[in-house]
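K.L.:
Following this message is one structure expressed as structure tokens.
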Amino acid sequence: MPVTLAAFPRFSAQHRLLSLLALLVAAPLTGQGVGRIGFSRYMLTNGLEVTLAPDRSTQVVGVSVWYDAGSRLEPVAKAGLARLFERLMFAGSANVPPGGHATLTGDLGGRVGAIVDEESARFSTVLPSSRLALGLWLEANRMGSLSITDTTVGEARLELVEQLRDQLDQEPYAAVIASAVASLYDTLTCPGYAHAPLGRLQSITGITTADAREFFRAHYAPNRARLTLTGDFDTTQARQLIAEYFGPLPRGPELAPFACADAPPPAARTARVTDRTAPAVAVGQFFPIPPHAHRDTPALELLEVIMSQGGASRLNTALVREALALGTQGGVLGQRRGPGAFGLFAIAAQGVAADSLAARLGAPARWAAGAGLTEAEVARAKRIYRATAVSGRERPADIAAALQHARMFHDDPEAVNTEVDRVLAVTLEDLRRVAGTWLNPGAALTRIVSPEAAR
Amino acid sequence: MTARRFAATLLLAVPGSLTAQQPVVEPPPAAPVTARTEPRAQEALLPNGMRLILLEQHRQPVVSIALTVPAGSVFDPEGREGTADLLAALLTRGGGTRSAEQVAQAIEGAGGSLSAVADPDQLTLQADVLSDQAALALELMADALLRPALDSAEVAAQRTRAASSLAGGLGNPGTIAARVFLIGTYRASPYARRASPQSVAAITRADLLAFHKARVRPAGAVLVITGDLTLVEARRLVLQAFGGWKGLRPAGLPAVAPTPAPQGIILVHMGGAREANIVLGATTFAGTDTAYYATAVLNRILGDGRTGRLARSLGGQRNWTRATGSSFLRTVRLGVFQATAAVPLEVADSTLRVMYEEVNRLRTELVPARELERARESVAGSFALQLQTASQLAAATAEARLLGLPGTYIGSYRPRVLAVTAAQVRAAARRVLPATGLVTVVVGDATRLHAPLSAIAPVRIFAQDGRPLTPEQIAPAAGALRLDFSRLVPRTDSLAIVAQAQTVGLQVASLARAGDSLTYVEQTALGTVLSQTTTLVFDTAGRMRRLVQVGKVRGQDTRIDLLYSGDRVQGATNLPGADGPRHEEVNSPVPPGVMDDNAIQAILPFLPWALNTRWEIPVFASGENRIRTLSLTAADITEVTVPAGSFECYRADLEGGSQRVSFYVTTAAPHRVVRVELASSPIVFMAVNP
């Protein structure tokens, strides 16, 4: 039997009333951060947590399942094991032929998505709403009976090796950035974050069918998963289908909580590395930042916009317009429940020395920390941030992801309705303080990337 | 059964592998779909003749605004095709008091986006912004549409961009096929107009202003707003931005009388093209025609997606192509339906036969129930997924309105598609893919396609510029293998060997006269893989005398030493084999005029070059100890840029060897090889010395 409310004392009846009202009252939202997303929540006896956020104005449903099965949980020697499931989860199950999940969905005009990063394994299926039952059935099938055989694991492993090769051969700087971020963490106190989720050639080829079965058994159980349903569905009918398809799945083992000591601030370290796909010299700076739920995160997210989004951003005006860089990038590198990372990256323009670019790359951060930041700049950044947040709450799949994010990173899906306001409340003083605390070039890890000389 | 398959079969029986253990359960069926009435469209006709349509949605504080005017490419002036597209590209590049950069910063700083696009019927400007930025978005849109800067430098830049992108497309057989097909189906209709690099280059700022003045008028304009705004507020903001816009309704599109389609197959000659691009289809109907729904289902069945009939017939077991499909274009007056395939030259005729068969089956047979059901659901489902955001809804609403469709169109789309019957699909096939009147275009090497295609239907051949060609004009003239060494200039050329933008090796070739002989020496170094020196000796009449090739291939020594005299070749080869060097004596009869197979590149400068000439060259293949006939065709003339400079070159394709090789030989004498491409390898040779 599903358990409701009792399991979630923070989720009060008042919340539910508010969300119902929000659906009933159609009034302009001008002045609000983002439109409220109403939802309800309950848990199956096998531990599967369900969030329902119906929106009858659309004609599609989003079925989202997030597993607490990120790469931080895999053994370093098997790096890539968690990422393997991005593919393996489409390999078929008891009632679904190999590839069937994607083709059944695609043939109906729907879409599938899968992402595995350090934190989680996220699966999304979008279907026309008449196919709600199919979407739930497909997810329940793979949660209950994923086809993990030498053949399916072998194929997934091969594809993962291909992806790794592609990254090394075709994605300039990607491998360098991934390894720089991983090296912000201590391999002993925080092995989970101290390796890249894509793994290495040796670690991937070392993954066995037994490894995949064990990882699936431990992490792909209902009590490690959260199901979120968004879009055009009837709540009563959805609850029946969920009970029918997911109810019989057995609960998995309880695991010890993940541990990672806060990354010690690295002494300023500079390393020169080569990347044979790099078209030009580039410089990256990487900073350890606090976990996503930390009070400084809203300011860091706004700093990301100020530094790197759009033509008027700091990096663009200071480096690209001054013809010092061909392109720049900057921001929070993946949201984490544990300690996070912030990066600044610039590709040098012709004739610009790496060291002078490295010196300049630190400047915008210093500027934000000092007196240079203006109220107008902050207001612009808030508008851009809010517009991005709003457009990330339009499609059912995106709404589901926002709810899942709120639950995973803030322990409460209701954070979906408060998170943006936290960012919009950030002041100029907050930004200066946070930039000074976390984006201190003195504490950064610097990588100077050179194209490998052609032999 | 192989060991691997045996092992795989065993695994299926292992307990814990659930796939083999339980009876398979069928997926759950679809729930019924009913018509939607929400969001309801509210309409207002503004005093200046603009129509405002509002679809209120207050889920998120966002609005999307789409403004369309009947100023599509169908209204392009003759000789200035591309005007509507160019105008659309320029609208967001400065307007009112803002420069291009100021417009970009204004919209970006508001967290929004602004874009403009022209299609055959209309020009659409669309902005997506937070609802509290709606006034700014409308101001930017009014500036863009009513007061575009059309800055001369911007005009020149966008014109160059458009012309070069068109020119790029004209080298692509798929683009040519699509273009010729549209011209062939639309014939006298204004929809047949196609921009060309020349027509775009001719467009002046004055042309753009004249087009703007004639077509961009408030009467006939439709402004759709979706999202977080009330009608009162929307009306106020729109009047504030567009209230001063005046002008009479622009002239409509003249009625388009269908003209009889050209019969037979239109074959566009692209000498040397390895693939054939096929397009077949016909004009359809006006935008409001209710045959649309059955046609959408027909399109899905025939070729939309991986599981369409064309993909199954031409891909799958036959494995002729993965690039096949069908599509259809809906316009105000007259649409087109087309099926396409890109296939290797050798199977072009078989492919066309299969395509005709598939089309004919749809005209004559009823689609089986299950296939129909899947196609209907796919079409209806895709439609639902395309309407998830305010922006998508605004664009779809504006398009529907411009096509003349009723306000209930979007809400009733899915039930209407799901109600399409097999008989309606067959009727649609008869209408949009008629037995007589189907236009067929094939782009490819007509020298090789003309005969096989003529067995299917009468073929008319055209050059890429539209000139009619006779079969005689395209037939490659058999060239005599007459080598003219009289104008030999001693010289040395270096070619860099490049793979994926990296230089991996070098080839140096020199040619000199020594007494009554000509000596060609070619040194090739390719990293640690290969290093060899080839020496070829000819007499002054161009006959082979001797080949000596020494070097190392993957660390193993090689040596070939052959003497050609009259009707025999004698000597020895030492080539690397799987179990070490392989020594073979050579003593074989050879036909007159035989060349060593290493000599092709050496003799290229001395051939009597002319386009469409094919030489059959008997060669002695020393590695195999046998005679082969290679065929070399001067298939094309093209501009080639290599480190040594830019050259007009013949592209000569060498076939009959282990793989196809394309040599680029300068058209100017003394002829010189400046580029060599291997068909199945990323390696390219490029001349580096001037």
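By convention in this document, the chains of the structure tokens carry letters A, B, ... by their order, each chain's residues are numbered from 1, and ligands are numbered from 1 in the order they are shown.
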Contacts from chain B to chain A, 7 Å maximum, only C-alpha atoms: show me the residue list as an MDAnalysis selection string.
P.N.:
chainID B and resid 17:19 24:25 27:28 30:33 38 58:61 108:112 130:132 228:229 377:379 381:382 384:385 388:389 502
K.L.:
For Ile207 in chain A, please output as a VMD selection string all residues within 9 Å (counting only C-alpha atoms; exclusion window: fewer than 3 positions along the same chain).
P.N.:
chain A and resid 77 to 81 153 157 202 to 204 210 to 212
K.L.:
Save the residues we just selected, C-alpha atoms, as a PDB file, in the first residue's frame?
P.N.:
ATOM      1  CA  ALA A  77      38.985   0.637 -10.518  1.00  0.00           C
ATOM      2  CA  LYS A  78      35.667   0.208 -12.371  1.00  0.00           C
ATOM      3  CA  ALA A  79      35.258   3.860 -13.350  1.00  0.00           C
ATOM      4  CA  GLY A  80      32.633   4.010 -16.091  1.00  0.00           C
ATOM      5  CA  LEU A  81      30.398   1.392 -14.459  1.00  0.00           C
ATOM      6  CA  VAL A 153      27.083  -5.508 -21.165  1.00  0.00           C
ATOM      7  CA  ARG A 157      31.033  -1.409 -22.826  1.00  0.00           C
ATOM      8  CA  GLN A 202      41.425   0.100 -18.607  1.00  0.00           C
ATOM      9  CA  SER A 203      38.663   0.645 -16.059  1.00  0.00           C
ATOM     10  CA  ILE A 204      35.916   0.316 -18.697  1.00  0.00           C
ATOM     11  CA  ALA A 210      28.855  -9.558 -12.685  1.00  0.00           C
ATOM     12  CA  ASP A 211      29.906  -5.970 -11.853  1.00  0.00           C
ATOM     13  CA  ALA A 212      26.953  -4.598 -13.813  1.00  0.00           C
TER      14      ALA A 212
END
K.L.:
Nearest residue to Gly343 in chain A out of A:Gln240, A:Thr208, A:Thr51, A:Thr446, using only C-alpha atoms?
P.N.:
A:Thr446
K.L.:
Mind the document's chain letters and residue numbers, and return as number ranges by chain the residues of range 296-375 of chain A that DSSP labels alpha helix (DSSP H).
P.N.:
A: 297-308, 314-315, 354-369, 375
K.L.:
Generate the output file for the selected residues, C-alpha atoms, as a PDB file, in the first residue's frame.
P.N.:
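Output below, filename part07.pdb:
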ATOM      1  CA  THR A 297      25.204  28.586  -4.235  1.00  0.00           C
ATOM      2  CA  PRO A 298      22.591  31.141  -5.426  1.00  0.00           C
ATOM      3  CA  ALA A 299      25.329  33.791  -5.638  1.00  0.00           C
ATOM      4  CA  LEU A 300      27.653  31.374  -7.452  1.00  0.00           C
ATOM      5  CA  GLU A 301      24.922  30.594  -9.990  1.00  0.00           C
ATOM      6  CA  LEU A 302      24.405  34.298 -10.575  1.00  0.00           C
ATOM      7  CA  LEU A 303      28.158  34.778 -10.891  1.00  0.00           C
ATOM      8  CA  GLU A 304      28.110  32.139 -13.611  1.00  0.00           C
ATOM      9  CA  VAL A 305      25.702  34.317 -15.608  1.00  0.00           C
ATOM     10  CA  ILE A 306      27.677  37.486 -14.924  1.00  0.00           C
ATOM     11  CA  MET A 307      30.941  35.862 -15.930  1.00  0.00           C
ATOM     12  CA  SER A 308      29.977  33.855 -18.955  1.00  0.00           C
ATOM     13  CA  ARG A 314      32.556  39.631 -18.080  1.00  0.00           C
ATOM     14  CA  LEU A 315      34.653  36.966 -19.799  1.00  0.00           C
ATOM     15  CA  ALA A 354      49.163  31.214 -22.249  1.00  0.00           C
ATOM     16  CA  ASP A 355      50.626  32.866 -19.176  1.00  0.00           C
ATOM     17  CA  SER A 356      49.261  36.304 -19.956  1.00  0.00           C
ATOM     18  CA  LEU A 357      45.859  34.780 -20.699  1.00  0.00           C
ATOM     19  CA  ALA A 358      46.004  32.899 -17.384  1.00  0.00           C
ATOM     20  CA  ALA A 359      46.729  36.157 -15.598  1.00  0.00           C
ATOM     21  CA  ARG A 360      43.821  37.883 -17.342  1.00  0.00           C
ATOM     22  CA  LEU A 361      41.432  34.981 -16.777  1.00  0.00           C
ATOM     23  CA  GLY A 362      41.604  35.597 -13.062  1.00  0.00           C
ATOM     24  CA  ALA A 363      40.737  39.256 -13.532  1.00  0.00           C
ATOM     25  CA  PRO A 364      36.957  39.100 -14.025  1.00  0.00           C
ATOM     26  CA  ALA A 365      36.629  37.070 -10.843  1.00  0.00           C
ATOM     27  CA  ARG A 366      38.670  39.610  -8.942  1.00  0.00           C
ATOM     28  CA  TRP A 367      36.578  42.324 -10.482  1.00  0.00           C
ATOM     29  CA  ALA A 368      33.390  40.760  -9.177  1.00  0.00           C
ATOM     30  CA  ALA A 369      34.936  40.452  -5.769  1.00  0.00           C
ATOM     31  CA  GLU A 375      23.696  46.945  -9.921  1.00  0.00           C
TER      32      GLU A 375
END
K.L.:
For each of B:Asp128, B:Glu371, B:Glu139, B:Glu648, take the minimum atom-to-atom distance to Arg675 in chain B, counting only C-alpha atoms, then give the residue where this is smallest.
P.N.:
B:Glu648
K.L.:
Rounded to one decimal in Å, what is the spacing between CA of Leu372 in chain B and CA of Ser327 in chain B?
P.N.:
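According to the coordinates, CA of Leu372 in chain B and CA of Ser327 in chain B are separated by 17.4 Å.
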K.L.:
Contacts of range 438-449 of chain B at 8 Å or less, counting only C-alpha atoms, minus same-chain residues fewer than 4 places along, as a ChimeraX atom specification?
P.N.:
/B:173-174,176-177,180-181,184-185,261-282,345,348-349,433-434,453,461,471,474-476
K.L.:
Would you output that residue set with C-alpha atoms, as an mmCIF file, in the first residue's frame?
P.N.:
data_model
loop_
_atom_site.group_PDB
_atom_site.id
_atom_site.type_symbol
_atom_site.label_atom_id
_atom_site.label_comp_id
_atom_site.auth_asym_id
_atom_site.auth_seq_id
_atom_site.Cartn_x
_atom_site.Cartn_y
_atom_site.Cartn_z
ATOM 1 C CA PRO B 173 23.866 16.410 -55.392
ATOM 2 C CA GLY B 174 21.108 16.191 -52.773
ATOM 3 C CA ILE B 176 20.596 19.963 -56.660
ATOM 4 C CA ALA B 177 18.059 17.148 -56.758
ATOM 5 C CA VAL B 180 15.444 20.602 -59.766
ATOM 6 C CA PHE B 181 12.516 18.642 -58.352
ATOM 7 C CA GLY B 184 10.074 20.562 -62.219
ATOM 8 C CA THR B 185 6.922 20.121 -60.130
ATOM 9 C CA ALA B 261 4.125 17.581 -65.114
ATOM 10 C CA PRO B 262 7.056 16.651 -67.306
ATOM 11 C CA GLN B 263 6.978 12.973 -68.232
ATOM 12 C CA GLY B 264 9.769 10.509 -67.765
ATOM 13 C CA ILE B 265 12.955 10.906 -65.792
ATOM 14 C CA ILE B 266 14.928 14.136 -65.478
ATOM 15 C CA LEU B 267 18.573 13.141 -65.205
ATOM 16 C CA VAL B 268 20.988 15.823 -64.019
ATOM 17 C CA HIS B 269 24.541 14.998 -64.975
ATOM 18 C CA MET B 270 27.206 15.193 -62.284
ATOM 19 C CA GLY B 271 30.234 13.581 -63.826
ATOM 20 C CA GLY B 272 32.024 11.188 -61.496
ATOM 21 C CA ALA B 273 29.421 11.381 -58.712
ATOM 22 C CA ARG B 274 29.528 8.128 -56.787
ATOM 23 C CA GLU B 275 25.981 8.328 -55.581
ATOM 24 C CA ALA B 276 22.681 8.873 -57.300
ATOM 25 C CA ASN B 277 20.202 11.195 -55.599
ATOM 26 C CA ILE B 278 16.619 10.402 -56.459
ATOM 27 C CA VAL B 279 13.557 12.560 -55.810
ATOM 28 C CA LEU B 280 10.092 11.729 -57.042
ATOM 29 C CA GLY B 281 6.734 13.253 -56.290
ATOM 30 C CA ALA B 282 4.165 15.812 -57.345
ATOM 31 C CA LEU B 345 25.272 4.471 -58.514
ATOM 32 C CA ALA B 348 20.060 3.570 -58.760
ATOM 33 C CA ASP B 349 17.769 1.879 -61.289
ATOM 34 C CA LEU B 433 1.471 10.471 -56.041
ATOM 35 C CA PRO B 434 -0.547 10.164 -59.265
ATOM 36 C CA LEU B 453 17.327 4.431 -66.232
ATOM 37 C CA ILE B 461 19.521 14.695 -69.516
ATOM 38 C CA PRO B 471 23.592 11.198 -74.543
ATOM 39 C CA ILE B 474 27.955 13.118 -71.890
ATOM 40 C CA ALA B 475 29.481 9.892 -73.135
ATOM 41 C CA PRO B 476 33.131 9.902 -72.230
#
K.L.:
Which distance in Å separates CA of Ala149 in chain B and CA of Ala116 in chain B, to one decimal?
P.N.:
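Here the two named atoms are 14.6 Å from each other.
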K.L.:
Contacts of Ala401 in chain A at 9 Å or less, counting only C-alpha atoms, minus same-chain residues fewer than 4 places along, as a short mmCIF file (atom, residue, chain, number, x, y, z; two decimals) with C-alpha atoms, in the first residue's frame?
P.N.:
data_model
loop_
_atom_site.label_atom_id
_atom_site.label_comp_id
_atom_site.auth_asym_id
_atom_site.auth_seq_id
_atom_site.Cartn_x
_atom_site.Cartn_y
_atom_site.Cartn_z
CA SER A 64 11.14 10.76 -15.09
CA TRP A 66 16.19 9.39 -11.08
CA ARG A 122 18.48 10.21 -14.78
CA SER A 124 13.33 10.60 -19.05
CA THR A 228 8.16 11.94 -11.12
CA GLY A 392 13.24 25.17 -17.92
CA ARG A 393 9.73 24.91 -16.44
CA PRO A 396 6.79 18.35 -18.83
CA ALA A 397 10.22 16.68 -19.05
CA HIS A 405 16.53 18.30 -8.75
CA ALA A 406 14.73 20.00 -5.87
#
K.L.:
Show which residues sit within 8 Å of Leu140 in chain B, as an MDAnalysis selection string. Count only C-alpha atoms, and ignore same-chain residues fewer than 3 positions away.
P.N.:
chainID B and resid 95 103 136:137 143:144
